[in-house]
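Asker: Below is one structure. I have some questions about it.
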Amino acid sequence: MTDHRKDTAWLCEQLPGLRSLAVRKGTVQTQQQLEAIVETARRGGEFKEPLMDLARSLGVGVDDLMSWRADGIPCTPRPRVRYVCPERLCAREWSPEPSKRTPSCEIANQQLRAERETE
């Protein structure tokens with residue numbers, strides 16, 4: 001990924017898993033480093049290299065980290081409403097799915113915001 005907002009969207013989606021990994025395999029210092037990376041992302045700063053270093057310290061390879069993704073895109077037509085990052089910090093988008101709760105932006109600590117799609 002080359003677009004900073006796409007990198008931030010990736011971090012937002014993966015943050016719960018990364019936090020869990022930091023708790024299981026890391027130390028309190030590792031968890032603090034991850035939260036510092038989140039704060040850097042929140043401010044719009046560059047966080048990719050520190051995140052890669054942190055991943056290596058947890059035994060996750062760089063290639064493995066960047067291919068660590070959420071499940072694929074559902075094959076249903078796009079709804080007229082999509083949910084986006086509430087602070088526009090990243091390019092994350094989510095389409096409503098039956099019986100699924102609206103996800104939160106893990107970077108901004110807010111629920112994703114509904115936005116009407118333009119045709």
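All residue names refer to the structure tokens as shown: chains lettered A, B, ... in order, residues numbered from 1 in each chain, ligands numbered from 1 in order.
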Give me the residues within 12 Å of A:Pro16 as a list of chain:residue names, counting only C-alpha atoms and dropping any in the same chain fewer than 2 places off.
Answerer: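 My reading of the contact set: A:Trp10, A:Leu11, A:Cys12, A:Glu13, A:Gln14, A:Leu18, A:Arg19, A:Ser20, A:Leu21, A:Ala22, A:Val23, A:Gln31, A:Leu34, A:Glu35, A:Val38, A:Ala70, A:Pro103, A:Ser104, A:Cys105, A:Glu106, A:Ile107, A:Asn109.
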Asker: For the residues in that selection, give me N, CA, C and O atoms as a tab-separated table (two decimals), in the first residue's frame.
Answerer:
```tsv
chain	number	residue	atom	x	y	z
A	10	TRP	N	-5.96	0.17	6.98
A	10	TRP	CA	-5.50	-1.18	7.30
A	10	TRP	C	-5.23	-1.29	8.80
A	10	TRP	O	-5.67	-2.24	9.45
A	11	LEU	N	-4.52	-0.31	9.36
A	11	LEU	CA	-4.23	-0.32	10.79
A	11	LEU	C	-5.52	-0.31	11.59
A	11	LEU	O	-5.67	-1.06	12.56
A	12	CYS	N	-6.47	0.50	11.20
A	12	CYS	CA	-7.75	0.59	11.89
A	12	CYS	C	-8.44	-0.77	11.94
A	12	CYS	O	-8.90	-1.20	13.00
A	13	GLU	N	-8.50	-1.45	10.81
A	13	GLU	CA	-9.17	-2.75	10.74
A	13	GLU	C	-8.43	-3.81	11.55
A	13	GLU	O	-9.05	-4.68	12.13
A	14	GLN	N	-7.11	-3.75	11.56
A	14	GLN	CA	-6.32	-4.79	12.18
A	14	GLN	C	-5.97	-4.53	13.64
A	14	GLN	O	-5.44	-5.41	14.33
A	18	LEU	N	-3.97	-6.79	16.47
A	18	LEU	CA	-2.61	-6.39	16.84
A	18	LEU	C	-2.51	-6.16	18.35
A	18	LEU	O	-1.51	-6.53	18.97
A	19	ARG	N	-3.53	-5.55	18.92
A	19	ARG	CA	-3.53	-5.34	20.38
A	19	ARG	C	-3.53	-6.68	21.11
A	19	ARG	O	-2.81	-6.85	22.10
A	20	SER	N	-4.34	-7.59	20.63
A	20	SER	CA	-4.40	-8.92	21.25
A	20	SER	C	-3.04	-9.62	21.15
A	20	SER	O	-2.57	-10.23	22.11
A	21	LEU	N	-2.42	-9.52	20.00
A	21	LEU	CA	-1.10	-10.12	19.79
A	21	LEU	C	-0.07	-9.49	20.73
A	21	LEU	O	0.76	-10.18	21.32
A	22	ALA	N	-0.13	-8.17	20.89
A	22	ALA	CA	0.81	-7.48	21.78
A	22	ALA	C	0.63	-7.93	23.23
A	22	ALA	O	1.60	-8.06	23.97
A	23	VAL	N	-0.60	-8.19	23.63
A	23	VAL	CA	-0.86	-8.67	24.99
A	23	VAL	C	-0.34	-10.09	25.16
A	23	VAL	O	0.31	-10.41	26.16
A	31	GLN	N	3.00	-3.05	24.32
A	31	GLN	CA	1.65	-2.49	24.23
A	31	GLN	C	1.72	-0.96	24.17
A	31	GLN	O	0.98	-0.33	23.41
A	34	LEU	N	2.76	0.08	20.71
A	34	LEU	CA	1.65	-0.02	19.76
A	34	LEU	C	0.72	1.18	19.92
A	34	LEU	O	0.30	1.78	18.92
A	35	GLU	N	0.42	1.57	21.13
A	35	GLU	CA	-0.45	2.72	21.35
A	35	GLU	C	0.21	4.02	20.87
A	35	GLU	O	-0.48	4.93	20.39
A	38	VAL	N	-0.41	4.08	17.24
A	38	VAL	CA	-1.80	4.50	17.00
A	38	VAL	C	-1.92	6.01	17.12
A	38	VAL	O	-2.56	6.67	16.29
A	70	ALA	N	-8.52	-8.67	6.77
A	70	ALA	CA	-9.86	-9.14	7.13
A	70	ALA	C	-10.40	-9.99	5.98
A	70	ALA	O	-9.84	-10.01	4.90
A	103	PRO	N	-18.91	-1.24	12.65
A	103	PRO	CA	-17.62	-1.25	13.32
A	103	PRO	C	-17.20	0.14	13.79
A	103	PRO	O	-17.74	1.15	13.36
A	104	SER	N	-16.23	0.13	14.66
A	104	SER	CA	-15.67	1.38	15.17
A	104	SER	C	-14.34	1.64	14.49
A	104	SER	O	-13.65	0.73	14.07
A	105	CYS	N	-13.99	2.92	14.42
A	105	CYS	CA	-12.66	3.31	13.99
A	105	CYS	C	-11.77	3.15	15.22
A	105	CYS	O	-11.98	3.83	16.23
A	106	GLU	N	-10.84	2.26	15.15
A	106	GLU	CA	-9.96	1.99	16.28
A	106	GLU	C	-8.94	3.10	16.48
A	106	GLU	O	-8.37	3.24	17.55
A	107	ILE	N	-8.71	3.91	15.45
A	107	ILE	CA	-7.76	5.01	15.54
A	107	ILE	C	-8.43	6.20	16.24
A	107	ILE	O	-7.87	6.80	17.15
A	109	ASN	N	-11.33	6.08	17.91
A	109	ASN	CA	-12.15	5.65	19.04
A	109	ASN	C	-13.60	6.10	18.91
A	109	ASN	O	-14.21	6.56	19.86
```
Asker: Name the residues in contact with A:Cys90 at a cut-off of 8 Å, using only C-alpha atoms, excluding same-chain residues fewer than 4 positions from it; report them as a ChimeraX atom specification.
Answerer: /A:4-9,85
Asker: Hey, which of A:Leu54, A:Ser95, A:Gln110, A:Arg43 ends up closest to A:Thr30? Count only C-alpha atoms.
Answerer: A:Leu54
Asker: Find, counting only C-alpha atoms, the residue in A:Pro96, A:Pro86, A:Gly45, A:Gly59 that gets nearest to A:Gly26.
Answerer: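 Looking at the shortest contact to A:Gly26, the residue is A:Gly59.
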Asker: Out of A:Leu58, A:Arg24, A:Tyr83, A:Thr40, which residue has the shortest atom-to-atom distance to A:Arg101 when counting only C-alpha atoms?
Answerer: A:Tyr83
Asker: In Å, rounded to a single decimal, give me how far atom CA of A:Arg116 is from atom CA of A:Glu39.
Answerer: 28.9 Å
Asker: Can you list, as a VMD selection string, all residues belonging to stretch 4-113 of chain A that DSSP tags as alpha helix (DSSP H)?
Answerer: chain A and resid 4 to 25 28 to 42 48 to 57 62 to 67
Asker: Limited to C-alpha atoms, could you put the picked residues into a file as an mmCIF file, in the first residue's frame?
Answerer:
```
data_model
loop_
_atom_site.group_PDB
_atom_site.id
_atom_site.type_symbol
_atom_site.label_atom_id
_atom_site.label_comp_id
_atom_site.auth_asym_id
_atom_site.auth_seq_id
_atom_site.Cartn_x
_atom_site.Cartn_y
_atom_site.Cartn_z
ATOM 1 C CA HIS A 4 -1.218 6.855 3.697
ATOM 2 C CA ARG A 5 -4.999 6.798 4.226
ATOM 3 C CA LYS A 6 -5.128 3.196 2.989
ATOM 4 C CA ASP A 7 -2.318 2.260 5.394
ATOM 5 C CA THR A 8 -4.262 3.937 8.197
ATOM 6 C CA ALA A 9 -7.438 2.085 7.148
ATOM 7 C CA TRP A 10 -5.501 -1.181 7.295
ATOM 8 C CA LEU A 11 -4.230 -0.324 10.789
ATOM 9 C CA CYS A 12 -7.752 0.591 11.892
ATOM 10 C CA GLU A 13 -9.165 -2.748 10.740
ATOM 11 C CA GLN A 14 -6.315 -4.795 12.183
ATOM 12 C CA LEU A 15 -5.832 -2.952 15.464
ATOM 13 C CA PRO A 16 -7.935 -5.267 17.657
ATOM 14 C CA GLY A 17 -5.891 -8.266 16.473
ATOM 15 C CA LEU A 18 -2.610 -6.390 16.841
ATOM 16 C CA ARG A 19 -3.533 -5.337 20.377
ATOM 17 C CA SER A 20 -4.397 -8.919 21.248
ATOM 18 C CA LEU A 21 -1.097 -10.117 19.794
ATOM 19 C CA ALA A 22 0.811 -7.480 21.782
ATOM 20 C CA VAL A 23 -0.860 -8.667 24.990
ATOM 21 C CA ARG A 24 -0.223 -12.366 24.258
ATOM 22 C CA LYS A 25 3.328 -12.182 22.935
ATOM 23 C CA VAL A 28 3.716 -3.749 28.713
ATOM 24 C CA GLN A 29 6.354 -1.795 26.793
ATOM 25 C CA THR A 30 5.258 -3.499 23.541
ATOM 26 C CA GLN A 31 1.654 -2.493 24.226
ATOM 27 C CA GLN A 32 2.778 1.084 24.913
ATOM 28 C CA GLN A 33 4.739 1.129 21.655
ATOM 29 C CA LEU A 34 1.651 -0.015 19.763
ATOM 30 C CA GLU A 35 -0.454 2.724 21.349
ATOM 31 C CA ALA A 36 2.248 5.279 20.427
ATOM 32 C CA ILE A 37 1.983 4.043 16.822
ATOM 33 C CA VAL A 38 -1.795 4.499 16.999
ATOM 34 C CA GLU A 39 -1.330 8.031 18.318
ATOM 35 C CA THR A 40 1.069 8.783 15.445
ATOM 36 C CA ALA A 41 -1.534 7.495 12.973
ATOM 37 C CA ARG A 42 -4.209 9.585 14.712
ATOM 38 C CA LYS A 48 4.594 2.057 8.913
ATOM 39 C CA GLU A 49 8.254 1.502 9.824
ATOM 40 C CA PRO A 50 7.688 1.534 13.614
ATOM 41 C CA LEU A 51 4.795 -0.896 13.091
ATOM 42 C CA MET A 52 7.033 -3.212 11.060
ATOM 43 C CA ASP A 53 9.689 -3.098 13.789
ATOM 44 C CA LEU A 54 7.074 -3.877 16.423
ATOM 45 C CA ALA A 55 5.723 -6.777 14.343
ATOM 46 C CA ARG A 56 9.223 -8.249 14.012
ATOM 47 C CA SER A 57 9.665 -8.056 17.792
ATOM 48 C CA VAL A 62 6.783 -8.013 7.481
ATOM 49 C CA ASP A 63 5.251 -9.820 4.497
ATOM 50 C CA ASP A 64 2.948 -11.713 6.845
ATOM 51 C CA LEU A 65 1.890 -8.484 8.545
ATOM 52 C CA MET A 66 0.908 -6.650 5.370
ATOM 53 C CA SER A 67 -0.990 -9.669 4.015
#
```
Asker: As an exercise, work out the distance from atom CA of A:Thr102 to atom CA of A:Glu117 in Å and give it to one decimal place.
Answerer: 16.6 Å
Asker: According to DSSP computed on the backbone, where in chain A is there strand (DSSP E)? Give the residues as number ranges by chain.
Answerer: A: 81-84, 93-94, 104-105, 110-111, 113-116
Asker: Next, write the just-selected residues to a file, as a PDB file, in the first residue's frame, keeping N, CA and C atoms as the atom set.
Answerer:
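Now in again-v8.pdb:
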```
ATOM      1  N   VAL A  81     -25.814   3.378   1.214  1.00  0.00           N
ATOM      2  CA  VAL A  81     -25.146   4.013   2.348  1.00  0.00           C
ATOM      3  C   VAL A  81     -23.866   3.240   2.635  1.00  0.00           C
ATOM      4  N   ARG A  82     -22.842   3.948   2.935  1.00  0.00           N
ATOM      5  CA  ARG A  82     -21.587   3.322   3.355  1.00  0.00           C
ATOM      6  C   ARG A  82     -21.138   4.025   4.622  1.00  0.00           C
ATOM      7  N   TYR A  83     -20.284   3.378   5.351  1.00  0.00           N
ATOM      8  CA  TYR A  83     -19.764   3.948   6.588  1.00  0.00           C
ATOM      9  C   TYR A  83     -18.289   4.248   6.382  1.00  0.00           C
ATOM     10  N   VAL A  84     -17.864   5.402   6.879  1.00  0.00           N
ATOM     11  CA  VAL A  84     -16.498   5.867   6.657  1.00  0.00           C
ATOM     12  C   VAL A  84     -15.874   6.296   7.983  1.00  0.00           C
ATOM     13  N   GLU A  93     -13.731   2.066   4.552  1.00  0.00           N
ATOM     14  CA  GLU A  93     -15.153   2.101   4.237  1.00  0.00           C
ATOM     15  C   GLU A  93     -15.742   0.762   4.648  1.00  0.00           C
ATOM     16  N   TRP A  94     -16.999   0.787   5.030  1.00  0.00           N
ATOM     17  CA  TRP A  94     -17.702  -0.434   5.392  1.00  0.00           C
ATOM     18  C   TRP A  94     -19.108  -0.347   4.854  1.00  0.00           C
ATOM     19  N   SER A 104     -16.235   0.128  14.664  1.00  0.00           N
ATOM     20  CA  SER A 104     -15.667   1.379  15.168  1.00  0.00           C
ATOM     21  C   SER A 104     -14.340   1.645  14.488  1.00  0.00           C
ATOM     22  N   CYS A 105     -13.994   2.916  14.424  1.00  0.00           N
ATOM     23  CA  CYS A 105     -12.658   3.313  13.994  1.00  0.00           C
ATOM     24  C   CYS A 105     -11.775   3.154  15.219  1.00  0.00           C
ATOM     25  N   GLN A 110     -14.137   6.008  17.683  1.00  0.00           N
ATOM     26  CA  GLN A 110     -15.525   6.362  17.408  1.00  0.00           C
ATOM     27  C   GLN A 110     -16.092   5.361  16.416  1.00  0.00           C
ATOM     28  N   GLN A 111     -17.413   5.236  16.427  1.00  0.00           N
ATOM     29  CA  GLN A 111     -18.077   4.376  15.464  1.00  0.00           C
ATOM     30  C   GLN A 111     -17.946   4.994  14.076  1.00  0.00           C
ATOM     31  N   ARG A 113     -18.945   6.450  10.557  1.00  0.00           N
ATOM     32  CA  ARG A 113     -20.022   7.380  10.290  1.00  0.00           C
ATOM     33  C   ARG A 113     -20.703   7.036   8.967  1.00  0.00           C
ATOM     34  N   ALA A 114     -22.043   7.046   8.966  1.00  0.00           N
ATOM     35  CA  ALA A 114     -22.820   6.765   7.749  1.00  0.00           C
ATOM     36  C   ALA A 114     -22.685   7.934   6.778  1.00  0.00           C
ATOM     37  N   GLU A 115     -22.590   7.566   5.514  1.00  0.00           N
ATOM     38  CA  GLU A 115     -22.481   8.568   4.460  1.00  0.00           C
ATOM     39  C   GLU A 115     -23.265   8.052   3.251  1.00  0.00           C
ATOM     40  N   ARG A 116     -24.088   8.903   2.684  1.00  0.00           N
ATOM     41  CA  ARG A 116     -24.858   8.516   1.513  1.00  0.00           C
ATOM     42  C   ARG A 116     -23.928   8.431   0.306  1.00  0.00           C
TER      43      ARG A 116
END
```
